[in-house]
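First up is the structure itself, then whatever we jot down about it.
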Amino acid sequence: MKFTKLLALFLTLYIGTANAILEVTVLKRIENAFPIVIAPFDVAGDVKKGKVIADIMRDNFNRSGEFSASSAENVINKVDFDHWQEKKAEAIVFGKIEKVSKKVFNVWIHLVDVYSKQELYAEKITVHDSGIRRIAHYLSDRIYFALLGEKGSFYTRLSYITVVNKDKGKREYRLEISHSDAQNPQTILTSGSPILSPSWSPDQEKIAYVSFENGRSEVFIRYPFVRRKTQKLPYFDGIASAPSWHPNGESLLLTLSKDGNKDIYSYHFKNDKLTRLTKDTAIDTEASYSPDGKRIVFTSNRSGQVQIYIKDLSSNKINRATFEGRYNAKAVFSPDGKTLAMVHRVDKDYRIALLDIKSRDLTIMTENQLDESPFFSPNGGMIIFATNRGDRGVLSVVSLLGRETFELASKEGEVREPNWSHYSR
Amino acid sequence: MIKTIFLITTVSLLSACSITKDSEPAVVEDRSSVTQESIITLDESSFESQSIVGASASLSSAERVAVTELKNTGTNFILYFSYDGFDIDESATAQIIKHANFMRDNSSVNLRLEGHADERGTREYNLALGENRALSVKEVLGLYDLSSRVEVISFGEEKPIAQSHDEAGWKKNRRVEFIYQ
């Protein structure tokens, strides 16, 4: 099923750039997915607005890979349990929207269990016109939690790089952010030089990234919601790259090659202090913290092969984490800290794999040739990564249930280097 | 005469101590047919322009002529590397020595070495790998006390010469480019 969103783009208060929206393709549905009905909301006045909320929620649940969400023919005010039991729906979402003033709405939402006939969740929210999409994601997370007892990852943002070919062989690189469903894209930065490795700060106010705009790789911090605000880190000789935030947001892991030797450092914003975390003549790069900030995982070729290592920051011990395969790189911790997602070479192909850190069990999650840049959704239920479709770079999302569930592509060019934010403020 | 002997000694010394990994060593492509026209000025604004190998805009016209002559003598301005490799073999060393001699004869020019990688593997690792390739070349030039005139940068996999997603393309992209400035 392929659907392109034709919704009018909402221009933010901060950056009035019209953007190319990514095309969303749902790849597979899981057969025994949780059947849920999200009925059209009962809308007094502006019909379109109410339709959007239910549509966004349905798309969210279908993309999660865990639900099969369908609509109802009519709005629901009172649930006919016998009818929905017959239709084998297990939960019903319905609601209504009332206009308070020209741009302010009240939204009522209800979630009922078809078999126990219990109301699992109900809420009334007042929302401004410009926040309709965000509220739909927020409500999706609440319903996801009410049904599964786990957080959803809908009320979040993505960042990614798009690359568009221009005249005379020139390319334009854009750092973009969007909602978790790729809607509401905003271009944060446009450059004629490559942009790499965007990374959301834990508070979501900043994005660290690598740019070649001065002819070499350097790390910058951009404030996506503050127009034109950029912060550059101090000048380092050689490579400065692979930024990744400490969970407390106070420091950044970096790869620096200050003396030609690529090692991991942490850079503390408060006092401009650099702490060296690895010291090896091999390449050490692509470091990121465990969710509790007590360990870092990084890529190193110190064994002669490219493999993943974990450093315990209290004992300073470094242990190799990967033993299967000749190439494992760019690992990130899952939100519970127990699993790593990484790029794993299988014969000639580079695929996304999961490693259980304790048992060392490795599971290959994809079947592509050139997968890169895996990153967990904040609830750990999905992994977003970059891959190639034909000659074009796209983003793909795989559910931990082992299925690629949806894909994000740009009509204009390539999409790459995805990063998933924490929960929205 | 003394100079020649010194060069020969260095070559054998280097090849003797070069560490051979399981990967094949750097390959030098024969680009002796390269002519003057192929020396394209580096325009900083056009990041993606192809074949910027050779001379940057900052060179004087005399220096530019000298660089062109070096090219016309069959000196390679691009060295190629094996998959995940950054070793310099004997023939690559011979090419680097030609550049070392050129730099000694032309004391006003500086050299920028740009390291590159193919698209396979991760971008950040490839950025590091590209720097290692350029540093390998710089290390040889360092034997001639030229280090202070050599700048090393890496573009990782971000500036491919060949766009095809196969070995034919990849082997052209695993490279170090020599740019005089």
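Going through the structure tokens in order, the chains are called A, B, and so on, while each chain numbers its residues from 1 and the ligands are numbered from 1 in the order shown.
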Exercise for the section: With a distance cut-off of 10 Å and only C-alpha atoms, select the neighbouring residues of Phe375 in chain A, excluding the residue or stretch itself and same-chain residues fewer than 4 positions from it, and output the selection as a list in words. Expected result: Lys330, Ala331, Val332, Phe333, Ser334, Leu340, Ala341, Met342, Gly380, Met382, Ile383, Ile384, Phe385, Ala386, Val397, Glu417, Pro418, Asn419, Trp420 and Ser421 of chain A
Handout entry: chain B contacts on chain A, only C-alpha atoms, 9 Å, as a ChimeraX atom specification
Key = /A:168-171,192-194,196-197,212,215-217,238-239,241-242,255,257,260-262,283-286,299-300,304-306,327-330,343-345,349-350,370-373,391
Handout entry: Expected answer as a PyMOL selection string: strand (DSSP E or B) residues in range 322-396 of chain A
Key = chain A and resi 327-333+339-346+349-356+362-364+370+372-376+382-389+392-396
Residues near range 175-181 of chain B, anyone? I mean within 6 Å using only C-alpha atoms, not counting same-chain ones fewer than 2 positions away, as a PDB file with N, CA, C and O atoms, in the first residue's frame.
ATOM      1  N   VAL B  53      42.002  16.893  -8.964  1.00  0.00           N
ATOM      2  CA  VAL B  53      43.355  16.479  -8.646  1.00  0.00           C
ATOM      3  C   VAL B  53      44.365  17.379  -9.328  1.00  0.00           C
ATOM      4  O   VAL B  53      44.218  17.723 -10.487  1.00  0.00           O
ATOM      5  N   GLY B  54      45.402  17.761  -8.609  1.00  0.00           N
ATOM      6  CA  GLY B  54      46.497  18.489  -9.234  1.00  0.00           C
ATOM      7  C   GLY B  54      46.777  19.797  -8.574  1.00  0.00           C
ATOM      8  O   GLY B  54      47.428  19.826  -7.538  1.00  0.00           O
ATOM      9  N   ALA B  55      46.266  20.877  -9.159  1.00  0.00           N
ATOM     10  CA  ALA B  55      46.661  22.192  -8.701  1.00  0.00           C
ATOM     11  C   ALA B  55      45.470  22.982  -8.195  1.00  0.00           C
ATOM     12  O   ALA B  55      44.412  22.952  -8.794  1.00  0.00           O
ATOM     13  N   SER B  56      45.629  23.678  -7.095  1.00  0.00           N
ATOM     14  CA  SER B  56      44.549  24.515  -6.603  1.00  0.00           C
ATOM     15  C   SER B  56      44.738  25.937  -7.110  1.00  0.00           C
ATOM     16  O   SER B  56      45.777  26.294  -7.651  1.00  0.00           O
ATOM     17  N   SER B  58      45.305  28.589  -5.722  1.00  0.00           N
ATOM     18  CA  SER B  58      46.257  29.469  -5.041  1.00  0.00           C
ATOM     19  C   SER B  58      47.664  29.450  -5.643  1.00  0.00           C
ATOM     20  O   SER B  58      48.516  30.233  -5.257  1.00  0.00           O
ATOM     21  N   LEU B  59      47.922  28.559  -6.598  1.00  0.00           N
ATOM     22  CA  LEU B  59      49.270  28.462  -7.183  1.00  0.00           C
ATOM     23  C   LEU B  59      49.549  29.636  -8.115  1.00  0.00           C
ATOM     24  O   LEU B  59      48.657  30.131  -8.793  1.00  0.00           O
ATOM     25  N   PHE B  77      48.885  11.383  -9.700  1.00  0.00           N
ATOM     26  CA  PHE B  77      48.335  12.331  -8.728  1.00  0.00           C
ATOM     27  C   PHE B  77      47.211  11.706  -7.916  1.00  0.00           C
ATOM     28  O   PHE B  77      46.579  12.355  -7.091  1.00  0.00           O
ATOM     29  N   ILE B  78      46.930  10.445  -8.217  1.00  0.00           N
ATOM     30  CA  ILE B  78      45.976   9.702  -7.390  1.00  0.00           C
ATOM     31  C   ILE B  78      46.591   8.345  -7.065  1.00  0.00           C
ATOM     32  O   ILE B  78      47.096   7.663  -7.948  1.00  0.00           O
ATOM     33  N   LEU B  79      46.580   7.964  -5.810  1.00  0.00           N
ATOM     34  CA  LEU B  79      46.982   6.609  -5.425  1.00  0.00           C
ATOM     35  C   LEU B  79      45.743   5.864  -4.957  1.00  0.00           C
ATOM     36  O   LEU B  79      44.909   6.432  -4.254  1.00  0.00           O
ATOM     37  N   TYR B  80      45.671   4.591  -5.350  1.00  0.00           N
ATOM     38  CA  TYR B  80      44.487   3.794  -5.006  1.00  0.00           C
ATOM     39  C   TYR B  80      44.823   2.756  -3.943  1.00  0.00           C
ATOM     40  O   TYR B  80      45.965   2.301  -3.834  1.00  0.00           O
ATOM     41  N   PHE B  81      43.797   2.371  -3.188  1.00  0.00           N
ATOM     42  CA  PHE B  81      44.004   1.482  -2.037  1.00  0.00           C
ATOM     43  C   PHE B  81      43.061   0.282  -2.082  1.00  0.00           C
ATOM     44  O   PHE B  81      42.014   0.316  -2.751  1.00  0.00           O
ATOM     45  N   VAL B 109      55.796  25.499  -3.047  1.00  0.00           N
ATOM     46  CA  VAL B 109      54.478  24.845  -3.104  1.00  0.00           C
ATOM     47  C   VAL B 109      54.245  24.000  -1.848  1.00  0.00           C
ATOM     48  O   VAL B 109      55.174  23.446  -1.264  1.00  0.00           O
ATOM     49  N   ASN B 110      52.988  23.963  -1.470  1.00  0.00           N
ATOM     50  CA  ASN B 110      52.562  23.068  -0.398  1.00  0.00           C
ATOM     51  C   ASN B 110      51.642  22.011  -0.999  1.00  0.00           C
ATOM     52  O   ASN B 110      51.090  22.196  -2.085  1.00  0.00           O
ATOM     53  N   LEU B 111      51.467  20.932  -0.268  1.00  0.00           N
ATOM     54  CA  LEU B 111      50.674  19.820  -0.807  1.00  0.00           C
ATOM     55  C   LEU B 111      49.512  19.512   0.127  1.00  0.00           C
ATOM     56  O   LEU B 111      49.687  19.456   1.348  1.00  0.00           O
ATOM     57  N   ARG B 112      48.357  19.338  -0.468  1.00  0.00           N
ATOM     58  CA  ARG B 112      47.226  18.853   0.302  1.00  0.00           C
ATOM     59  C   ARG B 112      46.904  17.431  -0.136  1.00  0.00           C
ATOM     60  O   ARG B 112      46.751  17.166  -1.323  1.00  0.00           O
ATOM     61  N   LEU B 113      46.856  16.526   0.811  1.00  0.00           N
ATOM     62  CA  LEU B 113      46.509  15.140   0.514  1.00  0.00           C
ATOM     63  C   LEU B 113      45.069  14.907   0.962  1.00  0.00           C
ATOM     64  O   LEU B 113      44.740  15.115   2.132  1.00  0.00           O
ATOM     65  N   GLU B 114      44.237  14.500   0.009  1.00  0.00           N
ATOM     66  CA  GLU B 114      42.827  14.247   0.327  1.00  0.00           C
ATOM     67  C   GLU B 114      42.565  12.753   0.316  1.00  0.00           C
ATOM     68  O   GLU B 114      42.686  12.109  -0.725  1.00  0.00           O
ATOM     69  N   GLY B 115      42.193  12.221   1.476  1.00  0.00           N
ATOM     70  CA  GLY B 115      41.911  10.792   1.554  1.00  0.00           C
ATOM     71  C   GLY B 115      40.439  10.509   1.326  1.00  0.00           C
ATOM     72  O   GLY B 115      39.580  11.268   1.769  1.00  0.00           O
ATOM     73  N   HIS B 116      40.164   9.405   0.619  1.00  0.00           N
ATOM     74  CA  HIS B 116      38.781   9.039   0.294  1.00  0.00           C
ATOM     75  C   HIS B 116      38.564   7.542   0.500  1.00  0.00           C
ATOM     76  O   HIS B 116      39.507   6.756   0.496  1.00  0.00           O
ATOM     77  N   ALA B 134      45.540   9.117   3.677  1.00  0.00           N
ATOM     78  CA  ALA B 134      46.324  10.326   3.412  1.00  0.00           C
ATOM     79  C   ALA B 134      47.540  10.395   4.345  1.00  0.00           C
ATOM     80  O   ALA B 134      48.628  10.803   3.932  1.00  0.00           O
ATOM     81  N   ASN B 173      37.278   4.843  -5.997  1.00  0.00           N
ATOM     82  CA  ASN B 173      36.967   5.777  -4.912  1.00  0.00           C
ATOM     83  C   ASN B 173      37.852   5.618  -3.674  1.00  0.00           C
ATOM     84  O   ASN B 173      37.924   6.507  -2.856  1.00  0.00           O
TER      85      ASN B 173
END
Completion exercise
Taken to one decimal, the CA of Asp263 in chain A-CA of Gly293 in chain A distance is 18.5 Å
Exercise for the section: Quick one: everything within 7 Å of Lys99 in chain A, counting only C-alpha atoms, minus sequence neighbours fewer than 3 positions away in the same chain. Send it as a PyMOL selection string. Expected result: chain A and resi 44-45+104-106
Practice task
Looking only at alpha helix (DSSP H) from DSSP on the backbone, list the matching residues of range 95-179 of chain B as a VMD selection string.
Solution key: chain B and resid 95 to 105 123 to 142 167 to 173
Practice task
Just give me the gap between CA of Ser201 in chain A and CA of Tyr309 in chain A in Å, one decimal is fine.
Solution key: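 These two atoms are separated by 23.3 Å.
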Exercise for the section: Give me the residues within 9 Å of range 146-149 of chain A as a ChimeraX atom specification, counting only C-alpha atoms and dropping any in the same chain fewer than 5 places off. Expected result: /A:91,111,113,120-121,141
Only all heavy atoms, please: the residues just picked out, written as an mmCIF file, in the first residue's frame.
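Produced file selection18.cif, reproduced below:
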data_model
loop_
_atom_site.group_PDB
_atom_site.id
_atom_site.type_symbol
_atom_site.label_atom_id
_atom_site.label_comp_id
_atom_site.auth_asym_id
_atom_site.auth_seq_id
_atom_site.Cartn_x
_atom_site.Cartn_y
_atom_site.Cartn_z
ATOM 1 N N ALA A 91 -10.084 -3.435 20.115
ATOM 2 C CA ALA A 91 -10.178 -2.151 20.811
ATOM 3 C C ALA A 91 -10.732 -1.100 19.865
ATOM 4 O O ALA A 91 -10.502 -1.171 18.647
ATOM 5 C CB ALA A 91 -8.807 -1.736 21.331
ATOM 6 N N LEU A 111 -10.922 5.239 24.569
ATOM 7 C CA LEU A 111 -10.435 3.932 24.126
ATOM 8 C C LEU A 111 -11.186 2.880 24.931
ATOM 9 O O LEU A 111 -11.171 2.913 26.171
ATOM 10 C CB LEU A 111 -8.929 3.831 24.387
ATOM 11 C CG LEU A 111 -8.313 2.427 24.277
ATOM 12 C CD1 LEU A 111 -8.331 1.938 22.828
ATOM 13 C CD2 LEU A 111 -6.878 2.437 24.811
ATOM 14 N N ASP A 113 -12.123 -1.421 25.422
ATOM 15 C CA ASP A 113 -11.787 -2.806 25.130
ATOM 16 C C ASP A 113 -13.082 -3.509 24.721
ATOM 17 O O ASP A 113 -14.070 -3.475 25.450
ATOM 18 C CB ASP A 113 -11.196 -3.454 26.389
ATOM 19 C CG ASP A 113 -10.751 -4.884 26.143
ATOM 20 O OD1 ASP A 113 -11.572 -5.705 25.648
ATOM 21 O OD2 ASP A 113 -9.593 -5.190 26.427
ATOM 22 N N LEU A 120 -10.600 2.025 28.660
ATOM 23 C CA LEU A 120 -9.208 1.912 29.099
ATOM 24 C C LEU A 120 -8.552 3.283 29.258
ATOM 25 O O LEU A 120 -7.575 3.433 29.975
ATOM 26 C CB LEU A 120 -8.396 1.097 28.084
ATOM 27 C CG LEU A 120 -8.891 -0.332 27.819
ATOM 28 C CD1 LEU A 120 -8.040 -0.987 26.744
ATOM 29 C CD2 LEU A 120 -8.851 -1.157 29.097
ATOM 30 N N TYR A 121 -9.081 4.248 28.567
ATOM 31 C CA TYR A 121 -8.439 5.568 28.567
ATOM 32 C C TYR A 121 -9.419 6.584 28.004
ATOM 33 O O TYR A 121 -10.161 6.297 27.054
ATOM 34 C CB TYR A 121 -7.171 5.507 27.708
ATOM 35 C CG TYR A 121 -6.605 6.831 27.290
ATOM 36 C CD1 TYR A 121 -5.989 7.672 28.211
ATOM 37 C CD2 TYR A 121 -6.680 7.249 25.964
ATOM 38 C CE1 TYR A 121 -5.469 8.893 27.815
ATOM 39 C CE2 TYR A 121 -6.153 8.464 25.559
ATOM 40 C CZ TYR A 121 -5.550 9.284 26.501
ATOM 41 O OH TYR A 121 -5.033 10.483 26.106
ATOM 42 N N ASP A 141 0.517 7.899 21.429
ATOM 43 C CA ASP A 141 1.371 7.355 22.490
ATOM 44 C C ASP A 141 0.552 6.936 23.708
ATOM 45 O O ASP A 141 0.821 5.906 24.326
ATOM 46 C CB ASP A 141 2.416 8.407 22.925
ATOM 47 C CG ASP A 141 3.665 8.371 22.065
ATOM 48 O OD1 ASP A 141 3.811 7.416 21.273
ATOM 49 O OD2 ASP A 141 4.493 9.290 22.181
#
Exercise for the section: Extract, using only C-alpha atoms, all DNA, RNA and protein residues at most 9 Å from Ala20 in chain A, discarding same-chain residues fewer than 3 positions from it, and format them as a ChimeraX atom specification. Expected result: /A:185-186,410-412
Please write the residues from the selection above to a file, keeping N, CA and C atoms, as a short mmCIF file (atom, residue, chain, number, x, y, z; two decimals), in the first residue's frame.
data_model
loop_
_atom_site.label_atom_id
_atom_site.label_comp_id
_atom_site.auth_asym_id
_atom_site.auth_seq_id
_atom_site.Cartn_x
_atom_site.Cartn_y
_atom_site.Cartn_z
N PRO A 185 8.05 18.40 7.60
CA PRO A 185 9.50 18.54 7.48
C PRO A 185 9.93 20.00 7.51
N GLN A 186 11.07 20.23 8.13
CA GLN A 186 11.65 21.58 8.15
C GLN A 186 13.12 21.46 7.82
N SER A 410 12.75 10.35 -0.72
CA SER A 410 12.59 11.71 -1.22
C SER A 410 12.45 11.65 -2.73
N LYS A 411 11.48 12.37 -3.28
CA LYS A 411 11.31 12.40 -4.73
C LYS A 411 12.47 13.12 -5.39
N GLU A 412 13.09 14.03 -4.64
CA GLU A 412 14.13 14.87 -5.23
C GLU A 412 15.51 14.24 -5.23
#
Exercise for the section: Could you tell me how far CA of Lys102 in chain A lies from CA of Thr126 in chain A, in Å and to one decimal? Expected result: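 CA of Lys102 in chain A sits 12.9 Å away from CA of Thr126 in chain A.
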Exercise for the section: Find the residues around Lys279 in chain A up to 8 Å (only C-alpha atoms counted), leave out those fewer than 2 positions away in its own chain, and share them as a list in words. Expected result: Asp263, Ile264, Arg276, Leu277 and Thr281 of chain A
